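Novice: My structure is stored as query_33.txt, with compact mmCIF, C-alpha atoms.
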# COMPACT_ATOMS: atom_id res chain seq x y z
CA MET A 1 -19.12 -4.39 -32.41
CA ASN A 2 -18.60 -4.06 -28.63
CA ARG A 3 -17.57 -7.19 -26.86
CA GLN A 4 -18.95 -8.39 -23.54
CA ASP A 5 -16.96 -8.73 -20.34
CA PRO A 6 -14.84 -11.90 -20.35
CA GLY A 7 -16.55 -14.92 -18.84
CA GLY A 8 -15.26 -16.83 -15.85
CA ASP A 9 -12.93 -19.26 -17.61
CA GLU A 10 -11.63 -16.55 -19.94
CA LEU A 11 -10.96 -14.19 -17.04
CA THR A 12 -8.99 -16.93 -15.29
CA GLN A 13 -6.96 -17.55 -18.42
CA LEU A 14 -6.24 -13.85 -18.85
CA SER A 15 -5.21 -13.49 -15.21
CA GLU A 16 -2.87 -16.47 -15.32
CA ALA A 17 -1.33 -15.25 -18.57
CA ALA A 18 -0.78 -11.75 -17.20
CA ALA A 19 0.91 -13.14 -14.10
CA GLU A 20 3.23 -15.38 -16.10
CA ALA A 21 4.04 -12.57 -18.54
CA ALA A 22 4.88 -10.24 -15.66
CA ARG A 23 7.20 -12.82 -14.14
CA ILE A 24 8.88 -13.31 -17.51
CA GLY A 25 9.40 -9.57 -17.84
CA GLY A 26 10.65 -9.32 -14.28
CA ALA A 27 13.19 -12.09 -14.84
CA VAL A 28 14.53 -10.20 -17.85
CA LEU A 29 14.94 -7.07 -15.74
CA GLN A 30 16.91 -8.94 -13.10
CA GLU A 31 19.13 -10.53 -15.73
CA TRP A 32 20.00 -7.10 -17.14
CA ILE A 33 21.06 -5.54 -13.84
CA GLY A 34 24.57 -4.14 -14.13
CA ARG A 35 24.94 -4.61 -17.88
CA PHE A 36 22.46 -2.27 -19.54
CA SER A 37 22.97 1.03 -21.32
CA VAL A 38 20.85 4.08 -20.52
CA ARG A 39 19.38 6.73 -22.81
CA GLU A 40 17.19 9.76 -22.21
CA LYS A 41 13.80 9.92 -23.93
CA GLY A 42 13.53 13.44 -22.54
CA ARG A 43 15.09 15.40 -19.72
CA ALA A 44 15.29 13.08 -16.70
CA ASN A 45 13.16 10.49 -18.54
CA LEU A 46 15.29 7.38 -18.91
CA VAL A 47 15.02 4.22 -20.96
CA THR A 48 17.31 1.21 -20.80
CA ASP A 49 18.02 -1.92 -22.80
CA ALA A 50 16.24 -3.73 -19.99
CA ASP A 51 12.96 -1.86 -20.60
CA GLU A 52 12.99 -2.89 -24.24
CA ALA A 53 14.05 -6.49 -23.63
CA SER A 54 11.38 -6.93 -20.94
CA GLN A 55 8.66 -5.53 -23.19
CA ALA A 56 9.70 -7.74 -26.10
CA ALA A 57 9.57 -10.85 -23.91
CA ILE A 58 6.16 -9.93 -22.50
CA VAL A 59 4.63 -9.16 -25.89
CA ASN A 60 6.05 -12.31 -27.45
CA TYR A 61 4.55 -14.46 -24.69
CA LEU A 62 1.11 -12.84 -24.80
CA ARG A 63 0.95 -12.63 -28.58
CA ASN A 64 1.58 -16.35 -28.87
CA LEU A 65 -1.36 -17.01 -26.52
CA PHE A 66 -3.71 -14.33 -27.84
CA PRO A 67 -2.84 -13.47 -31.45
CA GLU A 68 -6.12 -11.54 -31.83
CA HIS A 69 -5.30 -9.08 -29.03
CA GLY A 70 -3.78 -5.63 -29.43
CA PHE A 71 -1.05 -3.98 -27.39
CA LEU A 72 -0.31 -0.57 -25.90
CA GLY A 73 2.97 -0.02 -24.09
CA GLU A 74 5.50 2.53 -22.99
CA GLU A 75 8.35 1.65 -25.35
CA ASN A 76 6.85 2.68 -28.69
CA LEU A 77 4.19 -0.02 -28.56
CA ASN A 78 0.83 0.93 -30.05
CA ASP A 79 -0.58 -2.07 -31.84
CA ARG A 80 -4.24 -2.04 -30.85
CA THR A 81 -6.40 -4.54 -32.64
CA GLU A 82 -8.49 -3.19 -35.50
CA GLY A 83 -11.84 -2.13 -34.12
CA GLY A 84 -10.48 0.18 -31.45
CA PHE A 85 -10.75 -0.15 -27.70
CA GLU A 86 -13.73 -2.48 -27.58
CA SER A 87 -13.05 -5.53 -29.68
CA PRO A 88 -11.47 -7.87 -28.85
CA GLY A 89 -9.40 -6.03 -26.21
CA PHE A 90 -5.76 -5.14 -25.74
CA TRP A 91 -2.91 -5.42 -23.26
CA ILE A 92 -1.49 -2.30 -21.61
CA ILE A 93 2.13 -2.86 -20.64
CA ASP A 94 4.81 -1.05 -18.69
CA PRO A 95 7.80 -3.40 -18.82
CA LEU A 96 9.73 -1.35 -16.23
CA ASP A 97 7.88 1.17 -14.11
CA GLY A 98 10.48 3.00 -12.06
CA THR A 99 13.33 3.08 -14.56
CA THR A 100 15.33 5.72 -12.69
CA ASN A 101 15.13 3.63 -9.51
CA TYR A 102 16.24 0.59 -11.50
CA VAL A 103 19.19 2.45 -13.02
CA HIS A 104 20.36 3.49 -9.54
CA GLN A 105 19.73 -0.01 -8.13
CA PHE A 106 17.11 1.39 -5.79
CA PRO A 107 14.77 -1.62 -5.45
CA TYR A 108 11.42 0.04 -6.07
CA TYR A 109 10.40 -0.83 -9.61
CA ALA A 110 7.95 -3.21 -11.22
CA VAL A 111 6.37 -4.75 -14.29
CA SER A 112 2.77 -3.65 -14.87
CA ILE A 113 0.30 -5.44 -17.17
CA GLY A 114 -3.40 -4.74 -17.62
CA PHE A 115 -5.98 -6.11 -20.03
CA PHE A 116 -8.61 -3.69 -21.35
CA ALA A 117 -11.87 -4.89 -22.92
CA ALA A 118 -15.54 -3.92 -22.92
CA GLY A 119 -14.64 -0.38 -21.89
CA ARG A 120 -12.69 -1.16 -18.73
CA ILE A 121 -9.70 -2.91 -17.20
CA GLN A 122 -10.52 -6.58 -16.74
CA VAL A 123 -7.21 -7.87 -15.36
CA GLY A 124 -4.31 -6.15 -13.65
CA VAL A 125 -0.95 -7.48 -12.48
CA VAL A 126 1.98 -5.66 -10.89
CA PHE A 127 5.13 -7.72 -10.27
CA ASP A 128 8.02 -6.56 -8.09
CA PRO A 129 10.95 -8.78 -9.12
CA ALA A 130 13.24 -7.45 -6.38
CA ARG A 131 10.90 -8.78 -3.67
CA ASN A 132 9.19 -11.51 -5.69
CA GLU A 133 5.80 -9.94 -4.94
CA LEU A 134 2.99 -10.48 -7.44
CA PHE A 135 -0.07 -8.25 -7.00
CA SER A 136 -3.02 -9.45 -9.07
CA ALA A 137 -6.65 -8.49 -9.62
CA ALA A 138 -9.50 -9.48 -11.91
CA ALA A 139 -12.76 -7.61 -12.30
CA GLY A 140 -15.22 -8.71 -9.62
CA ARG A 141 -12.82 -11.21 -8.07
CA GLY A 142 -10.85 -9.15 -5.56
CA ALA A 143 -7.11 -8.53 -5.32
CA THR A 144 -4.26 -10.71 -4.09
CA LEU A 145 -0.59 -10.56 -3.18
CA ASN A 146 1.19 -13.82 -3.95
CA ALA A 147 -2.24 -15.49 -4.08
CA HIS A 148 -3.33 -14.17 -0.65
CA PRO A 149 -6.27 -11.74 -0.52
CA ILE A 150 -5.43 -8.10 0.21
CA ARG A 151 -7.44 -5.07 1.29
CA THR A 152 -6.69 -1.39 1.59
CA SER A 153 -5.97 0.02 5.05
CA GLY A 154 -9.41 1.62 5.26
CA GLU A 155 -7.83 4.76 6.72
CA THR A 156 -10.20 7.76 6.81
CA ASP A 157 -8.16 10.48 8.53
CA PRO A 158 -5.55 12.39 6.49
CA ALA A 159 -3.63 13.17 9.69
CA ARG A 160 -2.91 9.44 10.07
CA ALA A 161 -2.32 8.77 6.38
CA LEU A 162 0.87 7.93 4.55
CA ALA A 163 0.45 9.24 1.02
CA VAL A 164 2.59 9.30 -2.11
CA ALA A 165 2.65 11.90 -4.86
CA SER A 166 3.84 11.30 -8.40
CA LEU A 167 5.61 14.38 -9.76
CA PRO A 168 6.44 14.99 -13.42
CA THR A 169 9.96 14.28 -14.64
CA ALA A 170 12.15 17.40 -14.74
CA VAL A 171 9.54 19.27 -12.69
CA THR A 172 10.02 23.02 -12.13
CA PRO A 173 9.28 24.90 -8.87
CA ASP A 174 6.25 26.66 -10.36
CA ASN A 175 4.55 23.44 -11.47
CA PRO A 176 1.08 22.94 -9.91
CA ALA A 177 2.18 19.46 -8.83
CA ILE A 178 4.73 21.05 -6.49
CA ARG A 179 2.05 23.30 -4.99
CA ARG A 180 -0.18 20.30 -4.32
CA PHE A 181 2.72 18.37 -2.79
CA LEU A 182 3.59 21.20 -0.39
CA GLN A 183 -0.06 21.79 0.45
CA ALA A 184 -0.55 18.15 1.34
CA LEU A 185 2.42 18.13 3.72
CA SER A 186 0.52 20.09 6.36
CA HIS A 187 -2.56 17.87 6.19
CA LEU A 188 -1.15 14.33 6.06
CA GLN A 189 1.04 12.37 8.41
CA THR A 190 3.65 12.09 5.69
CA VAL A 191 3.95 12.52 1.92
CA GLN A 192 6.53 10.64 -0.14
CA ARG A 193 7.72 10.44 -3.73
CA THR A 194 8.85 6.96 -4.65
CA GLY A 195 9.27 6.75 -8.43
CA SER A 196 6.94 3.87 -9.37
CA ALA A 197 3.25 4.58 -9.85
CA ALA A 198 2.45 0.91 -10.42
CA LEU A 199 3.93 -0.09 -7.08
CA ASN A 200 2.35 2.89 -5.34
CA LEU A 201 -1.10 1.72 -6.45
CA ALA A 202 -0.30 -1.88 -5.54
CA TYR A 203 0.76 -0.68 -2.09
CA VAL A 204 -2.49 1.23 -1.65
CA ALA A 205 -4.30 -2.00 -2.49
CA ALA A 206 -2.22 -3.91 0.05
CA GLY A 207 -2.74 -1.37 2.84
CA ARG A 208 0.87 -0.18 2.91
CA ILE A 209 0.05 3.29 1.51
CA ASP A 210 -3.17 5.16 2.25
CA GLY A 211 -3.31 7.54 -0.71
CA PHE A 212 -1.64 8.29 -4.03
CA TRP A 213 -2.17 11.00 -6.65
CA SER A 214 -0.76 12.18 -9.96
CA THR A 215 -1.54 14.38 -12.96
CA SER A 216 1.35 13.25 -15.15
CA LEU A 217 0.95 9.53 -15.75
CA TYR A 218 0.19 7.40 -18.81
CA PRO A 219 -2.20 4.45 -19.19
CA TRP A 220 0.59 1.89 -18.87
CA ASP A 221 1.66 3.42 -15.53
CA VAL A 222 -1.75 2.97 -13.90
CA ALA A 223 -3.92 0.45 -15.76
CA ALA A 224 -3.14 -2.55 -13.58
CA GLY A 225 -2.87 -0.58 -10.35
CA VAL A 226 -6.24 1.11 -10.68
CA LEU A 227 -7.97 -2.27 -10.81
CA LEU A 228 -5.90 -3.52 -7.87
CA VAL A 229 -7.06 -0.63 -5.68
CA GLN A 230 -10.69 -0.95 -6.73
CA GLU A 231 -10.77 -4.71 -6.17
CA ALA A 232 -9.07 -4.29 -2.77
CA GLY A 233 -11.86 -2.01 -1.55
CA GLY A 234 -10.28 1.34 -2.29
CA VAL A 235 -11.45 4.28 -4.37
CA VAL A 236 -9.87 5.71 -7.52
CA THR A 237 -11.09 8.99 -9.05
CA GLY A 238 -9.74 12.11 -10.66
CA LEU A 239 -8.32 14.75 -8.29
CA THR A 240 -11.67 16.53 -8.09
CA GLY A 241 -13.66 13.33 -7.66
CA ASP A 242 -14.63 12.75 -11.27
CA PRO A 243 -14.72 9.13 -12.49
CA VAL A 244 -11.23 7.89 -13.23
CA ASP A 245 -10.16 7.52 -16.87
CA ILE A 246 -6.84 5.73 -17.29
CA PHE A 247 -6.30 7.56 -20.59
CA VAL A 248 -6.38 10.96 -18.85
CA PRO A 249 -3.46 11.97 -16.56
CA ASP A 250 -5.60 12.76 -13.51
CA LEU A 251 -5.71 10.23 -10.68
CA LEU A 252 -6.38 10.04 -6.97
CA ALA A 253 -6.36 6.67 -5.20
CA ALA A 254 -7.40 6.32 -1.58
CA SER A 255 -7.92 3.61 1.00
CA SER A 256 -11.54 4.66 1.69
CA PRO A 257 -14.27 6.89 0.24
CA SER A 258 -13.91 9.23 3.21
CA LEU A 259 -10.17 9.68 2.70
CA GLN A 260 -10.70 10.20 -1.03
CA THR A 261 -13.14 13.06 -0.33
CA LYS A 262 -10.77 14.69 2.16
CA LEU A 263 -7.70 14.33 -0.05
CA SER A 264 -9.62 15.78 -2.98
CA GLN A 265 -10.38 18.85 -0.87
CA VAL A 266 -6.73 19.18 0.18
CA LEU A 267 -5.48 18.91 -3.40
CA ALA A 268 -8.06 21.21 -4.99
Show how you would write the structure in this file as structure tokens.
Specialist:
Amino acid sequence: MNRQDPGGDELTQLSEAAAEAARIGGAVLQEWIGRFSVREKGRANLVTDADEASQAAIVNYLRNLFPEHGFLGEENLNDRTEGGFESPGFWIIDPLDGTTNYVHQFPYYAVSIGFFAAGRIQVGVVFDPARNELFSAAAGRGATLNAHPIRTSGETDPARALAVASLPTAVTPDNPAIRRFLQALSHLQTVQRTGSAALNLAYVAAGRIDGFWSTSLYPWDVAAGVLLVQEAGGVVTGLTGDPVDIFVPDLLAASSPSLQTKLSQVLA
């Protein structure tokens, strides 16, 4: 049986729980700095003790509050509640988005937590523990940064836009993502690669970045950030303009509908 969207009080409870869980996970990450071991899940795809400890702390906190909920996360976490995506909903968790940055002590990494129910993301939180910045959104309620409302930049002109591309790990020169990256360089003011999709999307929501795209991400990388951008007045689609599906690695986020259309043409 499909469940309905969470009501007002429930949405508030979910949002507050997500924020606290993200802070708990972020505190674990900061505690592990300088004393973790690193392993490769695949070429150039790292995992640390900190990833696993952060995820365990987040899941433990949320499971105690919502024992009926399921979980989907990066570190071998796939415990969705019986009944599938719709009932009663599940948490989508990236306990450390930007692991390579974290390993090198480059302070651009975050905890990302989203809650999925009734066929869509209902709550999204991205927490940057290095800067103590908590980006939060709930469906129909807007987006905030440390409890202050945020909006996208509203930029419409690619020539004035700062955009970020997410490239696959261990990418080769002939990968289509490289072609898109190079193609975009001549159309935008600047194009960066930062290493944390969750923060990239949060920055689009906050007006710090004008556009972001990727074809190599997982649901836990983008679930919270997609809602942040949408609730901050931005647009999130597939690269060709199709409706976004967080379970498909095809995403384009933009500060305005006009910029989304123009970026889609550039990246085609």
Novice: I need the residue nearest Val38 of chain A from this list: A:Asp128, A:Glu20, A:Glu52, A:Asp174. Use only C-alpha atoms for the distance.
Specialist: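 Among the listed residues, A:Glu52 lies closest to Val38 of chain A.
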Novice: If we draw a sphere of 9 Å around (0.1, -2.2, -20.6), which residues have at least one atom in it when counting all atoms listed in the file? Please report them as a list in words.
Specialist: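 I get Phe71, Leu72, Gly73, Glu74, Phe90, Trp91, Ile92, Ile93, Asp94, Pro95, Ser112, Ile113, Gly114, Phe115, Phe116, Pro219, Trp220, Asp221, Val222, Ala223 and Ala224 of chain A for the residues within 9 Å of that point.
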Novice: Selection from above, C-alpha atoms, as a CSV table (one decimal), in the coordinates of the input, can you write it?
Specialist:
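See again25.csv below for the written result:
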chain,number,residue,atom,x,y,z
A,71,PHE,CA,-1.0,-4.0,-27.4
A,72,LEU,CA,-0.3,-0.6,-25.9
A,73,GLY,CA,3.0,0.0,-24.1
A,74,GLU,CA,5.5,2.5,-23.0
A,90,PHE,CA,-5.8,-5.1,-25.7
A,91,TRP,CA,-2.9,-5.4,-23.3
A,92,ILE,CA,-1.5,-2.3,-21.6
A,93,ILE,CA,2.1,-2.9,-20.6
A,94,ASP,CA,4.8,-1.0,-18.7
A,95,PRO,CA,7.8,-3.4,-18.8
A,112,SER,CA,2.8,-3.6,-14.9
A,113,ILE,CA,0.3,-5.4,-17.2
A,114,GLY,CA,-3.4,-4.7,-17.6
A,115,PHE,CA,-6.0,-6.1,-20.0
A,116,PHE,CA,-8.6,-3.7,-21.4
A,219,PRO,CA,-2.2,4.4,-19.2
A,220,TRP,CA,0.6,1.9,-18.9
A,221,ASP,CA,1.7,3.4,-15.5
A,222,VAL,CA,-1.8,3.0,-13.9
A,223,ALA,CA,-3.9,0.4,-15.8
A,224,ALA,CA,-3.1,-2.6,-13.6
Novice: Pick out the residues sitting within 8 Å of Ala50 of chain A, and hand them over as a list in words; count all atoms listed in the file, and ignore anything fewer than 4 positions along from it in its own chain.
Specialist: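 What passes the distance filter is Val28, Leu29, Trp32, Phe36, Ser54 and Leu96 of chain A.
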Novice: For the selection just defined, write its residues with C-alpha atoms to a file, as a short mmCIF file (atom, residue, chain, number, x, y, z; two decimals), in the frame of the given file.
Specialist:
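again19.cif written:
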data_model
loop_
_atom_site.label_atom_id
_atom_site.label_comp_id
_atom_site.auth_asym_id
_atom_site.auth_seq_id
_atom_site.Cartn_x
_atom_site.Cartn_y
_atom_site.Cartn_z
CA VAL A 28 14.53 -10.20 -17.85
CA LEU A 29 14.94 -7.07 -15.74
CA TRP A 32 20.00 -7.10 -17.14
CA PHE A 36 22.46 -2.27 -19.54
CA SER A 54 11.38 -6.93 -20.94
CA LEU A 96 9.73 -1.35 -16.23
#
Novice: List the spatial neighbours of segment 176-187 of chain A as a count of residues only - criterion: any atom at most 12 Å away, all atoms listed in the file, same-chain residues fewer than 5 positions off excluded.
Specialist: 33
Novice: Find, counting only C-alpha atoms, the residue in A:Gly70, A:Pro107, A:Pro129, A:Gly124 that gets nearest to Glu31 of chain A.
Specialist: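 When distances to Glu31 of chain A are compared using only C-alpha atoms, the smallest one comes from A:Pro129.
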Novice: How many Å separate atom CA of Gly207 of chain A from atom CA of Tyr108 of chain A?
Specialist: 16.8 Å
Novice: In terms of the shortest atom-to-atom distance over all atoms listed in the file, which of A:Leu77, A:Val248, A:Ile24, A:Ala205 is closest to Ala137 of chain A?
Specialist: A:Ala205
Novice: Find the distance between atom CA of Leu227 of chain A and atom CA of Ala18 of chain A and write it in Å to one decimal.
Specialist: 13.5 Å
Novice: Have a look at A:Arg141, A:Arg131, A:Arg23, A:Arg120 and name the one nearest to Ala232 of chain A; count all atoms listed in the file.
Specialist: A:Arg141
Novice: Within 9 Å of Val226 of chain A, counting only C-alpha atoms, which residues show up once you throw out same-chain ones fewer than 5 positions away? Write them as a ChimeraX atom specification, please.
Specialist: /A:121,124,198,201-202,205,231,235-236,244,246,253
Novice: To one decimal place, how far is atom CA of Pro6 of chain A from atom CA of Asn60 of chain A in Å?
Specialist: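 Taking atom CA of Pro6 of chain A as the start and atom CA of Asn60 of chain A as the end point, the length is 22.1 Å.
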Novice: Considering only C-alpha atoms, state which residue in the set A:Thr48, A:Gln260, A:Ser255, A:Thr12 is at the smallest distance from Val123 of chain A.
Specialist: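 Looking at the shortest contact to Val123 of chain A, the residue is A:Thr12.
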Novice: How big is the axis-aligned box around the listed atoms of segment 148-160 of chain A once 4 Å is added on each side, and where is its centre? Give both in Å to one decimal, as lines of an AutoDock Vina configuration file.
Specialist:
center_x = -6.6
center_y = -0.5
center_z = 4.7
size_x = 15.3
size_y = 35.3
size_z = 18.7
Novice: Out of A:Glu16, A:Glu10, A:Glu133, A:Asp51, which residue has the shortest atom-to-atom distance to Tyr203 of chain A when counting all atoms listed in the file?
Specialist: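 Closest to Tyr203 of chain A of all the choices is A:Glu133.
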